[in-house]
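These notes are about the structure you will find just below.
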Amino acid sequence: MAKKNTIHSIKQKIENGLDSLVGIPPLIARITVGWVFIESGLWKFSNLDQVIGFFESIPIPMAKFQAPMVAAIELSCGALVLLGLFARWAAIPLIPIMTVAIVTVKMSDVKKFSDFFETAEYLYIVLLAWIIVSGPGLYSVDVWRKKLRAKR
């Protein structure tokens with residue numbers, strides 16, 4: 001009986017330790033996906049003529065309008081997601097951008113069903129959906145703002 005209690009005690013300590021880390025995965029997800037979109041948006045702005053040309057070659061309609069719009073959305077929403085500021089709302093417009101990227105560019109690389117799940121764009125969609133549903137996590141500006149409002 002003592003051995004069973006010891007195992008239960010160890011299990012409980014491990015679970016309590018893991019529970020104390022609950023804020024880390026959302027933070028890592030936000031930093032990862034936010035950083036990728038910030039860099040992508042900055043690159044698109046720095047190479048706008050090249051991006052417009054690429055969009056026209058796909059073909060994406062109104063490429064001269066769409067390229068800077070996509071760059072602005074990626075940059076601004078990526079920064080908001082990274083900070084955890086209005087993160088749920090900021091993640092929403094990034095999903096259609098990734099969906100268009102998959103449909104217009106990445107689907108040619110998909111030969112079997114599992115290839116789709118291996119695309120970075122699909123994985124970004126999964127992380128963004130998680131942020132939308134679960135929120136930005138404990139270590140975010142949104143949570144900090146809520147705590148400040150609660151003190152008032």
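Chains: A, B, ... in order of the structure tokens. Residues: from 1 per chain. Ligands: from 1, in order shown.
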- Message: So that I can see what lies close to segment 115-129 of chain A, please list as an NGL selection string the residues with an atom at most 8 Å from it, counting only C-alpha atoms and leaving out residues fewer than 3 positions away in the same chain.
- Response: :A and (29 or 33 or 91-92 or 94-95 or 98-99 or 101-102 or 106-107 or 109-112 or 132-133)
- Task: Do a neighbour search on segment 67-84 of chain A at 6 Å with only C-alpha atoms, toss out local chain neighbours closer than 3 positions, and write the hits as a ChimeraX atom specification.
- Result: /A:30-31,34,37-38,41,44,52,63-64,87,90,136,140-142
Can those selected residues be exported to a file as a PDB file, in the first residue's frame so that it contains C-alpha atoms?
```pdb
ATOM      1  CA  ARG A  30       2.415  33.219 -30.063  1.00  0.00           C
ATOM      2  CA  ILE A  31       6.087  34.151 -30.316  1.00  0.00           C
ATOM      3  CA  GLY A  34       3.857  36.134 -34.556  1.00  0.00           C
ATOM      4  CA  PHE A  37       4.280  36.830 -39.802  1.00  0.00           C
ATOM      5  CA  ILE A  38       6.212  39.938 -38.733  1.00  0.00           C
ATOM      6  CA  GLY A  41       5.212  41.215 -43.691  1.00  0.00           C
ATOM      7  CA  LYS A  44       6.912  41.752 -48.467  1.00  0.00           C
ATOM      8  CA  ILE A  52       3.334  41.942 -56.803  1.00  0.00           C
ATOM      9  CA  ALA A  63      -2.052  42.021 -57.076  1.00  0.00           C
ATOM     10  CA  LYS A  64      -1.007  45.672 -56.749  1.00  0.00           C
ATOM     11  CA  ALA A  87      -4.519  38.122 -30.102  1.00  0.00           C
ATOM     12  CA  ALA A  90      -5.523  39.393 -34.759  1.00  0.00           C
ATOM     13  CA  PRO A 136      -3.287  34.276 -25.768  1.00  0.00           C
ATOM     14  CA  SER A 140       0.161  38.212 -22.695  1.00  0.00           C
ATOM     15  CA  VAL A 141      -0.747  41.867 -22.822  1.00  0.00           C
ATOM     16  CA  ASP A 142      -4.431  40.896 -22.898  1.00  0.00           C
TER      17      ASP A 142
END
```
- Task: Could you jot down the atom CA of Tyr139 of chain A to atom CA of Phe86 of chain A separation for me, Å, one decimal place?
- Result: 13.1 Å
In segment 5-143 of chain A, what's helix (DSSP H, G or I) per DSSP? Answer as a JSON list (two decimals) with N, CA and C atoms, in the first residue's frame?
```json
[["chain", "number", "residue", "atom", "x", "y", "z"],
["A", 5, "ASN", "N", 0.92, 4.56, -2.65],
["A", 5, "ASN", "CA", 0.83, 5.96, -2.22],
["A", 5, "ASN", "C", 2.04, 6.76, -2.70],
["A", 6, "THR", "N", 3.23, 6.14, -2.68],
["A", 6, "THR", "CA", 4.43, 6.81, -3.15],
["A", 6, "THR", "C", 4.32, 7.13, -4.64],
["A", 7, "ILE", "N", 3.86, 6.15, -5.43],
["A", 7, "ILE", "CA", 3.68, 6.37, -6.87],
["A", 7, "ILE", "C", 2.65, 7.46, -7.11],
["A", 8, "HIS", "N", 1.56, 7.42, -6.37],
["A", 8, "HIS", "CA", 0.52, 8.45, -6.50],
["A", 8, "HIS", "C", 1.09, 9.83, -6.14],
["A", 9, "SER", "N", 1.89, 9.89, -5.10],
["A", 9, "SER", "CA", 2.49, 11.14, -4.65],
["A", 9, "SER", "C", 3.43, 11.71, -5.72],
["A", 10, "ILE", "N", 4.25, 10.85, -6.29],
["A", 10, "ILE", "CA", 5.18, 11.27, -7.34],
["A", 10, "ILE", "C", 4.41, 11.76, -8.55],
["A", 11, "LYS", "N", 3.38, 11.01, -8.92],
["A", 11, "LYS", "CA", 2.54, 11.39, -10.06],
["A", 11, "LYS", "C", 1.91, 12.76, -9.81],
["A", 12, "GLN", "N", 1.41, 12.98, -8.61],
["A", 12, "GLN", "CA", 0.77, 14.25, -8.27],
["A", 12, "GLN", "C", 1.78, 15.41, -8.33],
["A", 13, "LYS", "N", 3.01, 15.19, -7.85],
["A", 13, "LYS", "CA", 4.04, 16.22, -7.90],
["A", 13, "LYS", "C", 4.39, 16.58, -9.35],
["A", 14, "ILE", "N", 4.48, 15.58, -10.20],
["A", 14, "ILE", "CA", 4.79, 15.81, -11.61],
["A", 14, "ILE", "C", 3.65, 16.61, -12.25],
["A", 15, "GLU", "N", 2.42, 16.21, -11.99],
["A", 15, "GLU", "CA", 1.27, 16.92, -12.57],
["A", 15, "GLU", "C", 1.21, 18.36, -12.07],
["A", 16, "ASN", "N", 1.48, 18.57, -10.79],
["A", 16, "ASN", "CA", 1.48, 19.94, -10.25],
["A", 16, "ASN", "C", 2.58, 20.77, -10.90],
["A", 17, "GLY", "N", 3.73, 20.17, -11.10],
["A", 17, "GLY", "CA", 4.83, 20.87, -11.77],
["A", 17, "GLY", "C", 4.47, 21.24, -13.20],
["A", 18, "LEU", "N", 3.83, 20.31, -13.91],
["A", 18, "LEU", "CA", 3.41, 20.60, -15.28],
["A", 18, "LEU", "C", 2.32, 21.67, -15.30],
["A", 19, "ASP", "N", 1.41, 21.62, -14.33],
["A", 19, "ASP", "CA", 0.35, 22.64, -14.25],
["A", 19, "ASP", "C", 0.94, 24.04, -14.10],
["A", 24, "ILE", "N", 3.36, 28.55, -20.64],
["A", 24, "ILE", "CA", 4.50, 28.50, -21.55],
["A", 24, "ILE", "C", 4.12, 28.11, -22.99],
["A", 25, "PRO", "N", 3.36, 27.03, -23.22],
["A", 25, "PRO", "CA", 3.04, 26.67, -24.62],
["A", 25, "PRO", "C", 2.32, 27.77, -25.40],
["A", 26, "PRO", "N", 1.31, 28.47, -24.83],
["A", 26, "PRO", "CA", 0.71, 29.56, -25.61],
["A", 26, "PRO", "C", 1.70, 30.68, -25.90],
["A", 27, "LEU", "N", 2.58, 30.96, -24.96],
["A", 27, "LEU", "CA", 3.60, 32.00, -25.17],
["A", 27, "LEU", "C", 4.52, 31.61, -26.33],
["A", 28, "ILE", "N", 4.99, 30.38, -26.33],
["A", 28, "ILE", "CA", 5.87, 29.90, -27.40],
["A", 28, "ILE", "C", 5.13, 29.91, -28.74],
["A", 29, "ALA", "N", 3.89, 29.48, -28.74],
["A", 29, "ALA", "CA", 3.10, 29.47, -29.98],
["A", 29, "ALA", "C", 2.94, 30.89, -30.52],
["A", 30, "ARG", "N", 2.60, 31.83, -29.64],
["A", 30, "ARG", "CA", 2.42, 33.22, -30.06],
["A", 30, "ARG", "C", 3.70, 33.84, -30.58],
["A", 31, "ILE", "N", 4.80, 33.60, -29.87],
["A", 31, "ILE", "CA", 6.09, 34.15, -30.32],
["A", 31, "ILE", "C", 6.47, 33.56, -31.67],
["A", 32, "THR", "N", 6.29, 32.27, -31.82],
["A", 32, "THR", "CA", 6.66, 31.59, -33.06],
["A", 32, "THR", "C", 5.85, 32.11, -34.24],
["A", 33, "VAL", "N", 4.55, 32.02, -34.14],
["A", 33, "VAL", "CA", 3.70, 32.40, -35.27],
["A", 33, "VAL", "C", 3.74, 33.91, -35.49],
["A", 34, "GLY", "N", 3.78, 34.69, -34.42],
["A", 34, "GLY", "CA", 3.86, 36.13, -34.56],
["A", 34, "GLY", "C", 5.13, 36.56, -35.26],
["A", 35, "TRP", "N", 6.25, 36.00, -34.85],
["A", 35, "TRP", "CA", 7.54, 36.34, -35.45],
["A", 35, "TRP", "C", 7.56, 36.01, -36.94],
["A", 36, "VAL", "N", 7.04, 34.84, -37.30],
["A", 36, "VAL", "CA", 7.02, 34.43, -38.70],
["A", 36, "VAL", "C", 6.24, 35.44, -39.54],
["A", 37, "PHE", "N", 5.09, 35.88, -39.04],
["A", 37, "PHE", "CA", 4.28, 36.83, -39.80],
["A", 37, "PHE", "C", 4.90, 38.23, -39.82],
["A", 38, "ILE", "N", 5.53, 38.64, -38.74],
["A", 38, "ILE", "CA", 6.21, 39.94, -38.73],
["A", 38, "ILE", "C", 7.31, 39.94, -39.80],
["A", 39, "GLU", "N", 8.15, 38.91, -39.80],
["A", 39, "GLU", "CA", 9.22, 38.83, -40.78],
["A", 39, "GLU", "C", 8.68, 38.77, -42.21],
["A", 40, "SER", "N", 7.63, 38.01, -42.41],
["A", 40, "SER", "CA", 7.04, 37.88, -43.74],
["A", 40, "SER", "C", 6.47, 39.21, -44.21],
["A", 41, "GLY", "N", 5.76, 39.91, -43.34],
["A", 41, "GLY", "CA", 5.21, 41.21, -43.69],
["A", 41, "GLY", "C", 6.30, 42.22, -44.01],
["A", 42, "LEU", "N", 7.35, 42.25, -43.18],
["A", 42, "LEU", "CA", 8.47, 43.17, -43.44],
["A", 42, "LEU", "C", 9.15, 42.85, -44.77],
["A", 43, "TRP", "N", 9.35, 41.57, -45.04],
["A", 43, "TRP", "CA", 9.97, 41.17, -46.29],
["A", 43, "TRP", "C", 9.11, 41.59, -47.48],
["A", 44, "LYS", "N", 7.81, 41.37, -47.37],
["A", 44, "LYS", "CA", 6.91, 41.75, -48.47],
["A", 44, "LYS", "C", 6.97, 43.26, -48.72],
["A", 45, "PHE", "N", 6.96, 44.06, -47.65],
["A", 45, "PHE", "CA", 7.07, 45.51, -47.83],
["A", 45, "PHE", "C", 8.40, 45.90, -48.47],
["A", 46, "SER", "N", 9.47, 45.23, -48.09],
["A", 46, "SER", "CA", 10.80, 45.55, -48.62],
["A", 46, "SER", "C", 10.97, 45.10, -50.06],
["A", 48, "LEU", "N", 8.24, 44.74, -52.43],
["A", 48, "LEU", "CA", 6.85, 44.84, -52.89],
["A", 48, "LEU", "C", 6.72, 44.57, -54.39],
["A", 49, "ASP", "N", 7.62, 45.09, -55.20],
["A", 49, "ASP", "CA", 7.53, 44.84, -56.65],
["A", 49, "ASP", "C", 7.66, 43.36, -56.96],
["A", 50, "GLN", "N", 8.56, 42.69, -56.27],
["A", 50, "GLN", "CA", 8.75, 41.25, -56.46],
["A", 50, "GLN", "C", 7.50, 40.49, -56.01],
["A", 51, "VAL", "N", 6.91, 40.88, -54.90],
["A", 51, "VAL", "CA", 5.71, 40.22, -54.38],
["A", 51, "VAL", "C", 4.54, 40.44, -55.34],
["A", 52, "ILE", "N", 4.40, 41.66, -55.84],
["A", 52, "ILE", "CA", 3.33, 41.94, -56.80],
["A", 52, "ILE", "C", 3.50, 41.06, -58.04],
["A", 53, "GLY", "N", 4.72, 40.96, -58.54],
["A", 53, "GLY", "CA", 5.00, 40.11, -59.69],
["A", 53, "GLY", "C", 4.65, 38.65, -59.41],
["A", 54, "PHE", "N", 5.02, 38.19, -58.21],
["A", 54, "PHE", "CA", 4.70, 36.80, -57.84],
["A", 54, "PHE", "C", 3.19, 36.61, -57.75],
["A", 55, "PHE", "N", 2.49, 37.54, -57.11],
["A", 55, "PHE", "CA", 1.03, 37.45, -56.99],
["A", 55, "PHE", "C", 0.37, 37.44, -58.37],
["A", 56, "GLU", "N", 0.88, 38.24, -59.29],
["A", 56, "GLU", "CA", 0.34, 38.27, -60.65],
["A", 56, "GLU", "C", 0.58, 36.95, -61.37],
["A", 57, "SER", "N", 1.70, 36.29, -61.08],
["A", 57, "SER", "CA", 2.03, 35.02, -61.75],
["A", 57, "SER", "C", 1.20, 33.85, -61.24],
["A", 63, "ALA", "N", -3.31, 42.26, -57.78],
["A", 63, "ALA", "CA", -2.05, 42.02, -57.08],
["A", 63, "ALA", "C", -1.44, 43.30, -56.52],
["A", 64, "LYS", "N", -1.58, 44.41, -57.23],
["A", 64, "LYS", "CA", -1.01, 45.67, -56.75],
["A", 64, "LYS", "C", -1.70, 46.16, -55.48],
["A", 65, "PHE", "N", -2.93, 45.76, -55.28],
["A", 65, "PHE", "CA", -3.67, 46.09, -54.05],
["A", 65, "PHE", "C", -3.43, 45.02, -52.98],
["A", 66, "GLN", "N", -3.50, 43.76, -53.42],
["A", 66, "GLN", "CA", -3.42, 42.64, -52.48],
["A", 66, "GLN", "C", -2.05, 42.51, -51.81],
["A", 67, "ALA", "N", -0.97, 42.71, -52.55],
["A", 67, "ALA", "CA", 0.38, 42.52, -51.99],
["A", 67, "ALA", "C", 0.64, 43.43, -50.79],
["A", 68, "PRO", "N", 0.43, 44.76, -50.91],
["A", 68, "PRO", "CA", 0.65, 45.58, -49.72],
["A", 68, "PRO", "C", -0.37, 45.31, -48.61],
["A", 69, "MET", "N", -1.59, 44.92, -48.98],
["A", 69, "MET", "CA", -2.60, 44.61, -47.97],
["A", 69, "MET", "C", -2.17, 43.37, -47.16],
["A", 70, "VAL", "N", -1.72, 42.34, -47.85],
["A", 70, "VAL", "CA", -1.25, 41.12, -47.18],
["A", 70, "VAL", "C", -0.05, 41.45, -46.30],
["A", 71, "ALA", "N", 0.87, 42.24, -46.82],
["A", 71, "ALA", "CA", 2.05, 42.63, -46.03],
["A", 71, "ALA", "C", 1.64, 43.37, -44.76],
["A", 72, "ALA", "N", 0.68, 44.29, -44.88],
["A", 72, "ALA", "CA", 0.22, 45.06, -43.72],
["A", 72, "ALA", "C", -0.47, 44.17, -42.70],
["A", 73, "ILE", "N", -1.30, 43.25, -43.18],
["A", 73, "ILE", "CA", -2.00, 42.33, -42.27],
["A", 73, "ILE", "C", -1.00, 41.43, -41.57],
["A", 74, "GLU", "N", -0.05, 40.87, -42.33],
["A", 74, "GLU", "CA", 0.94, 39.98, -41.71],
["A", 74, "GLU", "C", 1.76, 40.72, -40.66],
["A", 75, "LEU", "N", 2.19, 41.92, -40.99],
["A", 75, "LEU", "CA", 3.02, 42.69, -40.06],
["A", 75, "LEU", "C", 2.25, 43.11, -38.82],
["A", 76, "SER", "N", 1.10, 43.72, -39.00],
["A", 76, "SER", "CA", 0.35, 44.23, -37.85],
["A", 76, "SER", "C", -0.26, 43.12, -37.01],
["A", 77, "CYS", "N", -0.91, 42.16, -37.66],
["A", 77, "CYS", "CA", -1.53, 41.08, -36.90],
["A", 77, "CYS", "C", -0.48, 40.15, -36.29],
["A", 78, "GLY", "N", 0.64, 39.96, -36.99],
["A", 78, "GLY", "CA", 1.74, 39.18, -36.41],
["A", 78, "GLY", "C", 2.26, 39.81, -35.14],
["A", 79, "ALA", "N", 2.41, 41.15, -35.15],
["A", 79, "ALA", "CA", 2.90, 41.86, -33.96],
["A", 79, "ALA", "C", 1.89, 41.74, -32.82],
["A", 80, "LEU", "N", 0.60, 41.86, -33.13],
["A", 80, "LEU", "CA", -0.43, 41.75, -32.09],
["A", 80, "LEU", "C", -0.47, 40.34, -31.50],
["A", 81, "VAL", "N", -0.36, 39.33, -32.35],
["A", 81, "VAL", "CA", -0.34, 37.94, -31.87],
["A", 81, "VAL", "C", 0.88, 37.73, -30.99],
["A", 82, "LEU", "N", 2.05, 38.18, -31.43],
["A", 82, "LEU", "CA", 3.27, 38.00, -30.65],
["A", 82, "LEU", "C", 3.12, 38.62, -29.27],
["A", 83, "LEU", "N", 2.57, 39.82, -29.20],
["A", 83, "LEU", "CA", 2.40, 40.50, -27.91],
["A", 83, "LEU", "C", 1.26, 39.92, -27.07],
["A", 87, "ALA", "N", -5.10, 39.25, -29.37],
["A", 87, "ALA", "CA", -4.52, 38.12, -30.10],
["A", 87, "ALA", "C", -5.57, 37.27, -30.79],
["A", 88, "ARG", "N", -6.69, 37.04, -30.13],
["A", 88, "ARG", "CA", -7.74, 36.23, -30.76],
["A", 88, "ARG", "C", -8.22, 36.87, -32.04],
["A", 89, "TRP", "N", -8.46, 38.17, -32.00],
["A", 89, "TRP", "CA", -8.94, 38.89, -33.18],
["A", 89, "TRP", "C", -7.86, 39.02, -34.24],
["A", 90, "ALA", "N", -6.63, 39.23, -33.82],
["A", 90, "ALA", "CA", -5.52, 39.39, -34.76],
["A", 90, "ALA", "C", -5.21, 38.10, -35.50],
["A", 91, "ALA", "N", -5.48, 36.96, -34.89],
["A", 91, "ALA", "CA", -5.20, 35.67, -35.53],
["A", 91, "ALA", "C", -6.17, 35.38, -36.67],
["A", 94, "LEU", "N", -5.19, 36.16, -40.38],
["A", 94, "LEU", "CA", -4.00, 35.43, -40.84],
["A", 94, "LEU", "C", -4.36, 34.06, -41.41],
["A", 95, "ILE", "N", -5.48, 33.49, -40.95],
["A", 95, "ILE", "CA", -5.90, 32.17, -41.44],
["A", 95, "ILE", "C", -6.26, 32.20, -42.93],
["A", 96, "PRO", "N", -7.07, 33.15, -43.41],
["A", 96, "PRO", "CA", -7.33, 33.18, -44.86],
["A", 96, "PRO", "C", -6.06, 33.40, -45.69],
["A", 97, "ILE", "N", -5.12, 34.18, -45.17],
["A", 97, "ILE", "CA", -3.86, 34.38, -45.90],
["A", 97, "ILE", "C", -3.13, 33.06, -46.06],
["A", 98, "MET", "N", -3.08, 32.26, -45.01],
["A", 98, "MET", "CA", -2.43, 30.95, -45.09],
["A", 98, "MET", "C", -3.22, 30.00, -45.97],
["A", 99, "THR", "N", -4.53, 30.09, -45.93],
["A", 99, "THR", "CA", -5.37, 29.24, -46.77],
["A", 99, "THR", "C", -5.11, 29.53, -48.24],
["A", 100, "VAL", "N", -5.05, 30.81, -48.60],
["A", 100, "VAL", "CA", -4.74, 31.19, -49.99],
["A", 100, "VAL", "C", -3.35, 30.70, -50.37],
["A", 101, "ALA", "N", -2.39, 30.81, -49.47],
["A", 101, "ALA", "CA", -1.04, 30.32, -49.76],
["A", 101, "ALA", "C", -1.04, 28.82, -50.03],
["A", 102, "ILE", "N", -1.81, 28.09, -49.26],
["A", 102, "ILE", "CA", -1.89, 26.64, -49.46],
["A", 102, "ILE", "C", -2.52, 26.34, -50.82],
["A", 103, "VAL", "N", -3.65, 26.96, -51.10],
["A", 103, "VAL", "CA", -4.40, 26.67, -52.33],
["A", 103, "VAL", "C", -3.63, 27.09, -53.58],
["A", 104, "THR", "N", -2.98, 28.27, -53.54],
["A", 104, "THR", "CA", -2.33, 28.79, -54.74],
["A", 104, "THR", "C", -0.91, 28.29, -54.96],
["A", 106, "LYS", "N", 1.12, 25.89, -52.33],
["A", 106, "LYS", "CA", 1.58, 24.67, -51.66],
["A", 106, "LYS", "C", 0.91, 23.39, -52.12],
["A", 107, "MET", "N", -0.31, 23.48, -52.65],
["A", 107, "MET", "CA", -1.02, 22.25, -53.03],
["A", 107, "MET", "C", -0.28, 21.47, -54.11],
["A", 108, "SER", "N", 0.53, 22.14, -54.92],
["A", 108, "SER", "CA", 1.30, 21.42, -55.94],
["A", 108, "SER", "C", 2.36, 20.52, -55.30],
["A", 109, "ASP", "N", 2.75, 20.81, -54.07],
["A", 109, "ASP", "CA", 3.73, 19.99, -53.35],
["A", 109, "ASP", "C", 3.08, 18.80, -52.64],
["A", 113, "PHE", "N", -1.88, 12.54, -48.63],
["A", 113, "PHE", "CA", -2.64, 13.23, -47.61],
["A", 113, "PHE", "C", -1.76, 13.79, -46.50],
["A", 114, "SER", "N", -0.79, 13.03, -46.04],
["A", 114, "SER", "CA", 0.07, 13.48, -44.94],
["A", 114, "SER", "C", 0.96, 14.66, -45.33],
["A", 115, "ASP", "N", 1.23, 14.83, -46.63],
["A", 115, "ASP", "CA", 2.02, 15.98, -47.08],
["A", 115, "ASP", "C", 1.34, 17.29, -46.70],
["A", 116, "PHE", "N", 0.02, 17.33, -46.76],
["A", 116, "PHE", "CA", -0.73, 18.53, -46.42],
["A", 116, "PHE", "C", -0.46, 18.95, -44.98],
["A", 117, "PHE", "N", -0.46, 17.97, -44.07],
["A", 117, "PHE", "CA", -0.24, 18.26, -42.66],
["A", 117, "PHE", "C", 1.19, 18.71, -42.36],
["A", 120, "ALA", "N", 4.08, 24.10, -43.58],
["A", 120, "ALA", "CA", 4.18, 25.09, -42.50],
["A", 120, "ALA", "C", 2.90, 25.91, -42.41],
["A", 121, "GLU", "N", 2.31, 26.21, -43.56],
["A", 121, "GLU", "CA", 1.10, 27.03, -43.57],
["A", 121, "GLU", "C", -0.05, 26.35, -42.81],
["A", 122, "TYR", "N", -0.19, 25.04, -43.00],
["A", 122, "TYR", "CA", -1.23, 24.31, -42.26],
["A", 122, "TYR", "C", -0.94, 24.36, -40.76],
["A", 123, "LEU", "N", 0.31, 24.19, -40.38],
["A", 123, "LEU", "CA", 0.66, 24.22, -38.96],
["A", 123, "LEU", "C", 0.42, 25.61, -38.37],
["A", 124, "TYR", "N", 0.66, 26.67, -39.14],
["A", 124, "TYR", "CA", 0.35, 28.02, -38.67],
["A", 124, "TYR", "C", -1.16, 28.16, -38.46],
["A", 125, "ILE", "N", -1.95, 27.61, -39.36],
["A", 125, "ILE", "CA", -3.40, 27.66, -39.20],
["A", 125, "ILE", "C", -3.81, 26.97, -37.91],
["A", 126, "VAL", "N", -3.21, 25.83, -37.62],
["A", 126, "VAL", "CA", -3.52, 25.10, -36.39],
["A", 126, "VAL", "C", -3.19, 25.95, -35.17],
["A", 127, "LEU", "N", -2.00, 26.56, -35.15],
["A", 127, "LEU", "CA", -1.61, 27.42, -34.02],
["A", 127, "LEU", "C", -2.53, 28.63, -33.91],
["A", 128, "LEU", "N", -2.86, 29.24, -35.03],
["A", 128, "LEU", "CA", -3.75, 30.40, -35.00],
["A", 128, "LEU", "C", -5.14, 30.02, -34.49],
["A", 129, "ALA", "N", -5.65, 28.87, -34.94],
["A", 129, "ALA", "CA", -6.96, 28.41, -34.46],
["A", 129, "ALA", "C", -6.91, 28.16, -32.96],
["A", 130, "TRP", "N", -5.81, 27.59, -32.48],
["A", 130, "TRP", "CA", -5.66, 27.34, -31.05],
["A", 130, "TRP", "C", -5.68, 28.66, -30.28],
["A", 131, "ILE", "N", -4.98, 29.67, -30.80],
["A", 131, "ILE", "CA", -4.96, 30.98, -30.14],
["A", 131, "ILE", "C", -6.36, 31.59, -30.14],
["A", 132, "ILE", "N", -7.09, 31.46, -31.24],
["A", 132, "ILE", "CA", -8.44, 32.00, -31.31],
["A", 132, "ILE", "C", -9.34, 31.35, -30.27],
["A", 133, "VAL", "N", -9.27, 30.05, -30.16],
["A", 133, "VAL", "CA", -10.15, 29.30, -29.24],
["A", 133, "VAL", "C", -9.69, 29.41, -27.79],
["A", 134, "SER", "N", -8.40, 29.27, -27.54],
["A", 134, "SER", "CA", -7.89, 29.21, -26.17],
["A", 134, "SER", "C", -7.46, 30.55, -25.59],
["A", 141, "VAL", "N", -0.27, 40.52, -23.14],
["A", 141, "VAL", "CA", -0.75, 41.87, -22.82],
["A", 141, "VAL", "C", -2.24, 41.84, -22.49],
["A", 142, "ASP", "N", -2.99, 41.00, -23.19],
["A", 142, "ASP", "CA", -4.43, 40.90, -22.90],
["A", 142, "ASP", "C", -4.70, 40.52, -21.44],
["A", 143, "VAL", "N", -3.98, 39.53, -20.93],
["A", 143, "VAL", "CA", -4.17, 39.11, -19.53],
["A", 143, "VAL", "C", -3.71, 40.21, -18.58]]
```
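Between atom CA of Pro93 of chain A and atom CA of Asn47 of chain A lies a distance of 21.6 Å.
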